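Printed here is run09.tsv (TSV, C-alpha atoms):
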```tsv
chain	number	residue	atom	x	y	z
A	1	MET	CA	-53.56	-3.94	-25.37
A	2	PRO	CA	-52.84	-2.42	-28.81
A	3	ARG	CA	-50.53	0.11	-27.10
A	4	LEU	CA	-48.76	-2.69	-25.23
A	5	ALA	CA	-48.31	-4.70	-28.42
A	6	ALA	CA	-46.90	-1.67	-30.21
A	7	ALA	CA	-44.48	-1.03	-27.34
A	8	LEU	CA	-43.27	-4.62	-27.42
A	9	ARG	CA	-42.73	-4.42	-31.16
A	10	GLY	CA	-40.69	-1.25	-30.64
A	11	LEU	CA	-38.51	-2.95	-28.05
A	12	ALA	CA	-37.93	-5.88	-30.41
A	13	VAL	CA	-36.83	-3.56	-33.21
A	14	ALA	CA	-34.46	-1.68	-30.88
A	15	ALA	CA	-32.95	-4.94	-29.63
A	16	ALA	CA	-32.40	-6.17	-33.19
A	17	ALA	CA	-30.72	-2.89	-34.11
A	18	LEU	CA	-28.43	-3.13	-31.07
A	19	LEU	CA	-27.37	-6.62	-32.06
A	20	THR	CA	-26.71	-5.45	-35.59
A	21	VAL	CA	-24.31	-2.68	-34.59
A	22	THR	CA	-22.44	-4.70	-31.97
A	23	VAL	CA	-21.66	-7.72	-34.15
A	24	VAL	CA	-18.20	-7.31	-35.77
A	25	PRO	CA	-16.43	-9.43	-38.37
A	26	SER	CA	-14.00	-11.95	-36.93
A	27	SER	CA	-11.02	-10.29	-38.65
A	28	ALA	CA	-11.78	-6.92	-37.03
A	29	ALA	CA	-12.30	-8.57	-33.65
A	30	ALA	CA	-8.81	-10.05	-33.97
A	31	GLY	CA	-7.33	-6.65	-34.76
A	32	ALA	CA	-6.67	-7.53	-38.41
A	33	ALA	CA	-8.69	-4.80	-40.08
A	34	PRO	CA	-8.23	-4.65	-43.84
A	35	PRO	CA	-6.04	-1.81	-45.18
A	36	PRO	CA	-7.71	1.30	-46.62
A	37	SER	CA	-8.75	0.80	-50.22
A	38	ASP	CA	-6.22	3.38	-51.44
A	39	ARG	CA	-3.30	1.53	-49.81
A	40	PRO	CA	-1.66	-1.13	-52.00
A	41	LYS	CA	-1.84	-4.63	-50.55
A	42	GLU	CA	1.96	-4.80	-50.55
A	43	PHE	CA	2.03	-2.19	-47.74
A	44	VAL	CA	1.66	-3.21	-44.10
A	45	ALA	CA	1.68	-1.53	-40.72
A	46	LEU	CA	5.04	-2.29	-39.10
A	47	ARG	CA	3.31	-2.92	-35.78
A	48	ASP	CA	1.46	-5.87	-37.35
A	49	VAL	CA	4.77	-7.43	-38.38
A	50	ASP	CA	6.84	-6.55	-35.30
A	51	PRO	CA	5.16	-4.80	-32.37
A	52	THR	CA	8.45	-4.66	-30.43
A	53	ILE	CA	10.00	-2.02	-32.70
A	54	LEU	CA	9.56	1.41	-31.10
A	55	GLN	CA	7.83	4.13	-33.08
A	56	GLU	CA	8.32	7.87	-32.63
A	57	MET	CA	6.69	9.21	-35.76
A	58	ARG	CA	8.02	12.74	-35.78
A	59	TYR	CA	6.13	14.11	-38.78
A	60	PHE	CA	2.81	13.50	-37.06
A	61	THR	CA	3.98	16.00	-34.43
A	62	PRO	CA	5.27	19.60	-34.51
A	63	HIS	CA	8.75	18.45	-33.50
A	64	ASP	CA	10.30	18.48	-36.96
A	65	PHE	CA	12.32	20.93	-39.02
A	66	MET	CA	9.16	22.83	-40.04
A	67	GLY	CA	7.65	23.04	-36.56
A	68	VAL	CA	4.21	21.76	-37.63
A	69	PRO	CA	2.65	18.35	-38.31
A	70	VAL	CA	3.25	17.34	-41.91
A	71	ASP	CA	0.55	16.91	-44.55
A	72	GLY	CA	-0.54	13.31	-45.06
A	73	TYR	CA	0.26	11.98	-41.59
A	74	ARG	CA	-3.17	11.24	-40.11
A	75	ARG	CA	-1.90	8.68	-37.61
A	76	PRO	CA	1.51	8.17	-35.90
A	77	THR	CA	1.93	4.89	-37.76
A	78	CYS	CA	4.86	3.31	-39.60
A	79	LEU	CA	3.81	1.86	-42.95
A	80	LEU	CA	6.27	-0.10	-45.10
A	81	THR	CA	6.25	-2.55	-47.94
A	82	ARG	CA	5.87	-6.07	-46.60
A	83	ASP	CA	9.39	-7.03	-47.69
A	84	ALA	CA	10.95	-4.07	-45.88
A	85	ALA	CA	8.91	-4.71	-42.73
A	86	ARG	CA	9.91	-8.37	-42.62
A	87	ALA	CA	13.57	-7.46	-43.10
A	88	LEU	CA	13.35	-4.93	-40.28
A	89	HIS	CA	11.82	-7.64	-38.11
A	90	ARG	CA	14.86	-9.85	-38.78
A	91	ALA	CA	17.18	-7.03	-37.79
A	92	GLN	CA	15.16	-6.35	-34.65
A	93	ARG	CA	15.46	-9.96	-33.50
A	94	SER	CA	19.24	-9.65	-33.68
A	95	PHE	CA	19.31	-6.33	-31.81
A	96	LEU	CA	16.99	-7.58	-29.07
A	97	LYS	CA	19.45	-10.37	-28.27
A	98	ARG	CA	22.06	-7.69	-27.61
A	99	GLY	CA	19.85	-5.55	-25.40
A	100	PHE	CA	18.78	-2.97	-27.99
A	101	SER	CA	15.64	-2.09	-29.91
A	102	LEU	CA	15.17	-0.32	-33.21
A	103	LYS	CA	13.13	2.89	-33.15
A	104	VAL	CA	11.66	4.41	-36.31
A	105	TYR	CA	11.16	8.13	-36.83
A	106	ASP	CA	9.62	7.92	-40.31
A	107	CYS	CA	8.71	5.19	-42.79
A	108	TYR	CA	6.47	5.51	-45.84
A	109	ARG	CA	6.04	9.21	-46.67
A	110	PRO	CA	3.22	10.33	-48.99
A	111	GLN	CA	4.09	12.66	-51.86
A	112	ARG	CA	1.84	15.32	-50.33
A	113	ALA	CA	4.23	15.40	-47.35
A	114	VAL	CA	7.20	15.92	-49.67
A	115	ASP	CA	5.27	18.72	-51.39
A	116	HIS	CA	4.74	20.28	-47.95
A	117	PHE	CA	8.52	20.20	-47.38
A	118	VAL	CA	9.08	21.94	-50.71
A	119	ARG	CA	6.56	24.71	-49.98
A	120	TRP	CA	8.14	25.28	-46.58
A	121	ALA	CA	11.66	25.43	-48.03
A	122	LYS	CA	10.58	28.14	-50.44
A	123	ASP	CA	9.11	30.23	-47.61
A	124	LEU	CA	12.27	31.95	-46.40
A	125	GLY	CA	10.34	33.83	-43.72
A	126	ASP	CA	9.52	30.67	-41.79
A	127	GLN	CA	12.62	29.71	-39.82
A	128	ARG	CA	11.05	28.91	-36.45
A	129	MET	CA	13.01	25.63	-36.07
A	130	LYS	CA	16.35	26.80	-37.49
A	131	ALA	CA	18.10	26.89	-34.11
A	132	GLU	CA	17.65	23.14	-33.70
A	133	PHE	CA	17.57	21.52	-37.14
A	134	TYR	CA	19.72	23.70	-39.43
A	135	PRO	CA	21.68	26.25	-37.34
A	136	ARG	CA	24.67	26.32	-39.72
A	137	VAL	CA	22.78	26.09	-43.02
A	138	ASP	CA	21.27	29.03	-44.90
A	139	LYS	CA	17.68	28.14	-45.77
A	140	THR	CA	18.24	29.38	-49.32
A	141	LYS	CA	20.69	26.47	-49.77
A	142	LEU	CA	18.42	23.60	-48.66
A	143	PHE	CA	17.71	22.49	-52.24
A	144	ASP	CA	21.26	22.95	-53.50
A	145	ASP	CA	22.71	21.09	-50.52
A	146	GLY	CA	20.30	18.18	-50.98
A	147	TYR	CA	18.39	18.50	-47.72
A	148	ILE	CA	15.08	19.08	-49.53
A	149	ALA	CA	14.02	17.57	-52.88
A	150	ALA	CA	10.85	17.27	-54.92
A	151	LYS	CA	10.87	13.46	-54.62
A	152	SER	CA	11.77	11.12	-51.78
A	153	GLY	CA	12.59	7.43	-51.69
A	154	HIS	CA	10.35	7.24	-48.63
A	155	SER	CA	7.35	7.58	-50.96
A	156	ARG	CA	8.23	4.22	-52.54
A	157	GLY	CA	7.65	2.43	-49.24
A	158	SER	CA	10.94	0.63	-48.58
A	159	THR	CA	12.86	3.49	-46.94
A	160	LEU	CA	12.80	4.45	-43.28
A	161	ASP	CA	14.51	6.68	-40.73
A	162	VAL	CA	15.68	4.64	-37.77
A	163	THR	CA	17.89	4.58	-34.68
A	164	LEU	CA	18.74	2.30	-31.76
A	165	VAL	CA	17.55	2.43	-28.15
A	166	ARG	CA	19.10	0.60	-25.22
A	167	LEU	CA	16.59	-1.53	-23.32
A	168	PRO	CA	14.70	-0.99	-21.14
A	169	ALA	CA	13.66	2.09	-23.09
A	170	VAL	CA	13.17	5.33	-21.18
A	171	PRO	CA	10.30	7.43	-22.59
A	172	THR	CA	11.18	10.57	-24.51
A	173	ARG	CA	9.29	13.63	-23.29
A	174	PRO	CA	7.08	15.42	-25.84
A	175	TYR	CA	8.22	18.59	-27.54
A	176	VAL	CA	6.43	21.76	-26.42
A	177	PRO	CA	5.98	24.25	-29.30
A	178	GLY	CA	7.78	27.47	-28.54
A	179	GLU	CA	10.25	25.98	-26.08
A	180	PRO	CA	13.92	27.06	-26.38
A	181	LEU	CA	15.79	25.17	-29.11
A	182	THR	CA	19.35	23.83	-29.05
A	183	PRO	CA	21.52	22.74	-31.99
A	184	CYS	CA	21.01	19.19	-33.23
A	185	TYR	CA	24.78	18.66	-33.44
A	186	GLY	CA	25.56	19.66	-29.85
A	187	PRO	CA	26.53	17.26	-27.04
A	188	LYS	CA	23.79	14.73	-26.35
A	189	ALA	CA	23.02	16.23	-22.93
A	190	ALA	CA	22.45	19.62	-24.57
A	191	ARG	CA	20.27	18.39	-27.47
A	192	PHE	CA	16.53	17.80	-27.30
A	193	PRO	CA	16.04	14.65	-25.17
A	194	ASP	CA	15.92	11.39	-27.10
A	195	ASN	CA	16.06	7.88	-25.67
A	196	SER	CA	18.21	6.66	-28.57
A	197	LEU	CA	21.90	5.91	-28.41
A	198	ASP	CA	24.18	8.90	-28.94
A	199	MET	CA	24.69	9.06	-32.71
A	200	GLY	CA	26.51	12.40	-32.67
A	201	THR	CA	23.52	14.42	-33.89
A	202	GLY	CA	19.79	14.35	-33.50
A	203	PHE	CA	17.42	13.00	-36.15
A	204	ASP	CA	16.92	15.20	-39.24
A	205	CYS	CA	19.96	17.32	-38.45
A	206	PHE	CA	20.73	19.36	-41.58
A	207	ASP	CA	24.47	19.34	-41.06
A	208	THR	CA	27.46	17.51	-42.51
A	209	LEU	CA	28.11	16.07	-39.04
A	210	ALA	CA	25.10	13.82	-39.74
A	211	HIS	CA	27.01	12.09	-42.56
A	212	THR	CA	27.29	8.49	-41.40
A	213	LEU	CA	31.09	8.27	-41.60
A	214	ASP	CA	32.00	11.92	-41.07
A	215	PRO	CA	35.61	11.88	-39.80
A	216	ARG	CA	34.75	14.19	-36.91
A	217	VAL	CA	32.52	11.47	-35.43
A	218	HIS	CA	34.51	9.00	-33.33
A	219	GLY	CA	34.48	7.04	-30.10
A	220	ARG	CA	31.12	5.89	-28.76
A	221	GLN	CA	29.17	7.92	-31.33
A	222	LEU	CA	30.89	6.19	-34.25
A	223	THR	CA	30.53	2.80	-32.54
A	224	ASN	CA	26.79	3.38	-32.23
A	225	ARG	CA	26.42	4.41	-35.87
A	226	LEU	CA	28.32	1.33	-37.03
A	227	LEU	CA	26.27	-0.92	-34.73
A	228	LEU	CA	23.10	0.32	-36.43
A	229	LYS	CA	24.62	0.23	-39.92
A	230	GLU	CA	26.09	-3.25	-39.73
A	231	GLY	CA	22.98	-4.75	-38.16
A	232	LEU	CA	20.69	-3.30	-40.82
A	233	GLU	CA	23.04	-4.16	-43.67
A	234	ARG	CA	22.96	-7.81	-42.64
A	235	ALA	CA	19.17	-7.66	-43.07
A	236	GLY	CA	19.42	-6.20	-46.58
A	237	PHE	CA	19.26	-2.45	-45.93
A	238	VAL	CA	21.48	0.17	-47.57
A	239	ASN	CA	22.43	3.40	-45.79
A	240	LEU	CA	22.31	6.87	-47.33
A	241	PRO	CA	25.82	8.18	-46.55
A	242	GLU	CA	24.58	11.72	-45.86
A	243	GLU	CA	22.18	10.63	-43.09
A	244	TRP	CA	23.11	8.12	-40.40
A	245	TRP	CA	19.39	7.38	-39.79
A	246	HIS	CA	18.30	6.77	-43.43
A	247	TYR	CA	18.04	3.19	-44.76
A	248	THR	CA	16.44	1.53	-47.79
A	249	PHE	CA	15.66	-2.16	-48.16
A	250	LYS	CA	16.93	-3.56	-51.46
A	251	PRO	CA	15.62	-4.68	-53.84
A	252	GLU	CA	12.72	-2.27	-53.45
A	253	THR	CA	9.22	-3.58	-54.03
A	254	PHE	CA	8.34	-0.40	-55.93
A	255	PRO	CA	11.64	1.03	-57.26
A	256	ASP	CA	9.99	3.53	-59.62
A	257	THR	CA	6.64	4.37	-57.99
A	258	TYR	CA	5.98	7.33	-55.70
A	259	PHE	CA	2.76	6.90	-53.72
A	260	ASP	CA	0.53	9.57	-52.20
A	261	PHE	CA	-2.03	7.73	-50.06
A	262	PRO	CA	-2.13	9.17	-46.51
A	263	VAL	CA	-0.66	7.48	-43.46
A	264	ARG	CA	-3.67	6.18	-41.53
```
Could the structure of this file be written out as structure tokens, please?
Amino acid sequence: MPRLAAALRGLAVAAAALLTVTVVPSSAAAGAAPPPSDRPKEFVALRDVDPTILQEMRYFTPHDFMGVPVDGYRRPTCLLTRDAARALHRAQRSFLKRGFSLKVYDCYRPQRAVDHFVRWAKDLGDQRMKAEFYPRVDKTKLFDDGYIAAKSGHSRGSTLDVTLVRLPAVPTRPYVPGEPLTPCYGPKAARFPDNSLDMGTGFDCFDTLAHTLDPRVHGRQLTNRLLLKEGLERAGFVNLPEEWWHYTFKPETFPDTYFDFPVR
């Protein structure tokens, strides 16, 4: 009998422990987990504000101008200030009515990621992705030409890299490290596959052809760039003229603060 009583007590303790670990707070059960403690409350996950906006977070992958995942990107997640996310949601609603969806390539970017860019730019021996992302630019000129800098507006949380996709969206195949590379400014059929509209170059193309209103861009490519530009401007975003994909919501929530918490 004593052994039976002890066994029953053991079962009761195990059952209580099981109940303890399986009970979750109501907010977590609803998918509304609180942000990490190092993330300011003004930052939100874009997916929580608008789950219809497509996300192809390039810097979480090796398909970027460095050829490796970037420091600070622990999840393929778009984080933005709440004001910027809500504005992007307004723009998305307008695009959806016309049969398009926004797709983001990058959003908030921690300072440690920018520091990674700087270290890479100084390593002139590492040019594994040159054939795709900067075929016509000498790597020694990346700082002088403004392609790489020690600070980025992305680190303030209201800047993003974005494009448009015609619906229904066709998936983009993953990049395979070591596969043959083609220039980012080539014809769309020759560039790395992307389900976005033809903007004349791929994302992160270090080339003057990526300037939003470059006079060599015309026809359907220019129409697509202006479609994106005008739709985002109506929602309060401002384009960086040197990059057709780069937009900042104004006024910025943090105009003078560069954050370094990781993307997670």
Nearby residues (all atoms listed in the file) at most 7 Å from region 75-85 of chain A, same-chain spacing under 5 positions excluded, as number ranges by chain: A: 42-46, 49, 57, 60, 106-108, 157-158, 249, 253, 263-264
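If only C-alpha atoms are the atoms counted, then among A:Arg47, A:Arg128, A:Arg156, A:Arg86 the closest residue to Gly178 (chain A) is A:Arg128.
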Nearest to Ala189 (chain A) by atom-to-atom distance, counting all atoms listed in the file, from A:Gly72, A:Gly202, A:Gly219, A:Pro177: A:Gly202
CA of Pro187 (chain A) to CA of Asp64 (chain A), straight-line distance in Å: 19.1 Å
Nearest-residue call for Ala150 (chain A), choices A:His63, A:Arg119, A:Arg191, A:Arg166, using all atoms listed in the file: A:Arg119
Polymer residues at most 9 Å from Ser101 (chain A), all atoms listed in the file, same-chain spacing of 2 or more positions, as a list in words: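 The contact residues come out as Thr52, Ile53, Leu54, Gln92, Arg93, Phe95, Leu96, Arg98, Gly99, Lys103, Thr163, Leu164, Val165, Arg166, Leu167, Pro168 and Ala169 of chain A.
Candidate residues A:Thr172, A:Thr257, A:Thr208, A:Gln111 were compared for distance to Glu242 (chain A), and the nearest is A:Thr208, using all atoms listed in the file.
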Residue nearest Arg136 (chain A) among A:Phe237, A:Phe206, A:Phe100, A:Tyr247 (counting all atoms listed in the file):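 Of the candidates, the smallest distance to Arg136 (chain A) is held by A:Phe206.
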Distance of CA of Ser155 (chain A) from CA of Phe259 (chain A), expressed in Å to one decimal place: 5.4 Å
Separation of CA of Leu232 (chain A) from CA of Asn195 (chain A) in Å: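 Calculated distance between CA of Asn195 (chain A) and CA of Leu232 (chain A) is 19.4 Å.
The point (20.7, 26.1, -28.6) has these residues within 9 Å of it when all atoms listed in the file are used: Ala131, Glu132, Pro135, Pro180, Leu181, Thr182, Pro183, Cys184, Gly186, Ala190 and Arg191 of chain A.
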Taking all atoms of region 133-145 of chain A that appear in the file, build a box with edges along x, y and z, extend it by 8 Å on every side, and state its centre and edge lengths in Å to one decimal, as lines of an AutoDock Vina configuration file.
```
center_x = 21.1
center_y = 25.2
center_z = -45.3
size_x = 23.1
size_y = 24.3
size_z = 32.4
```
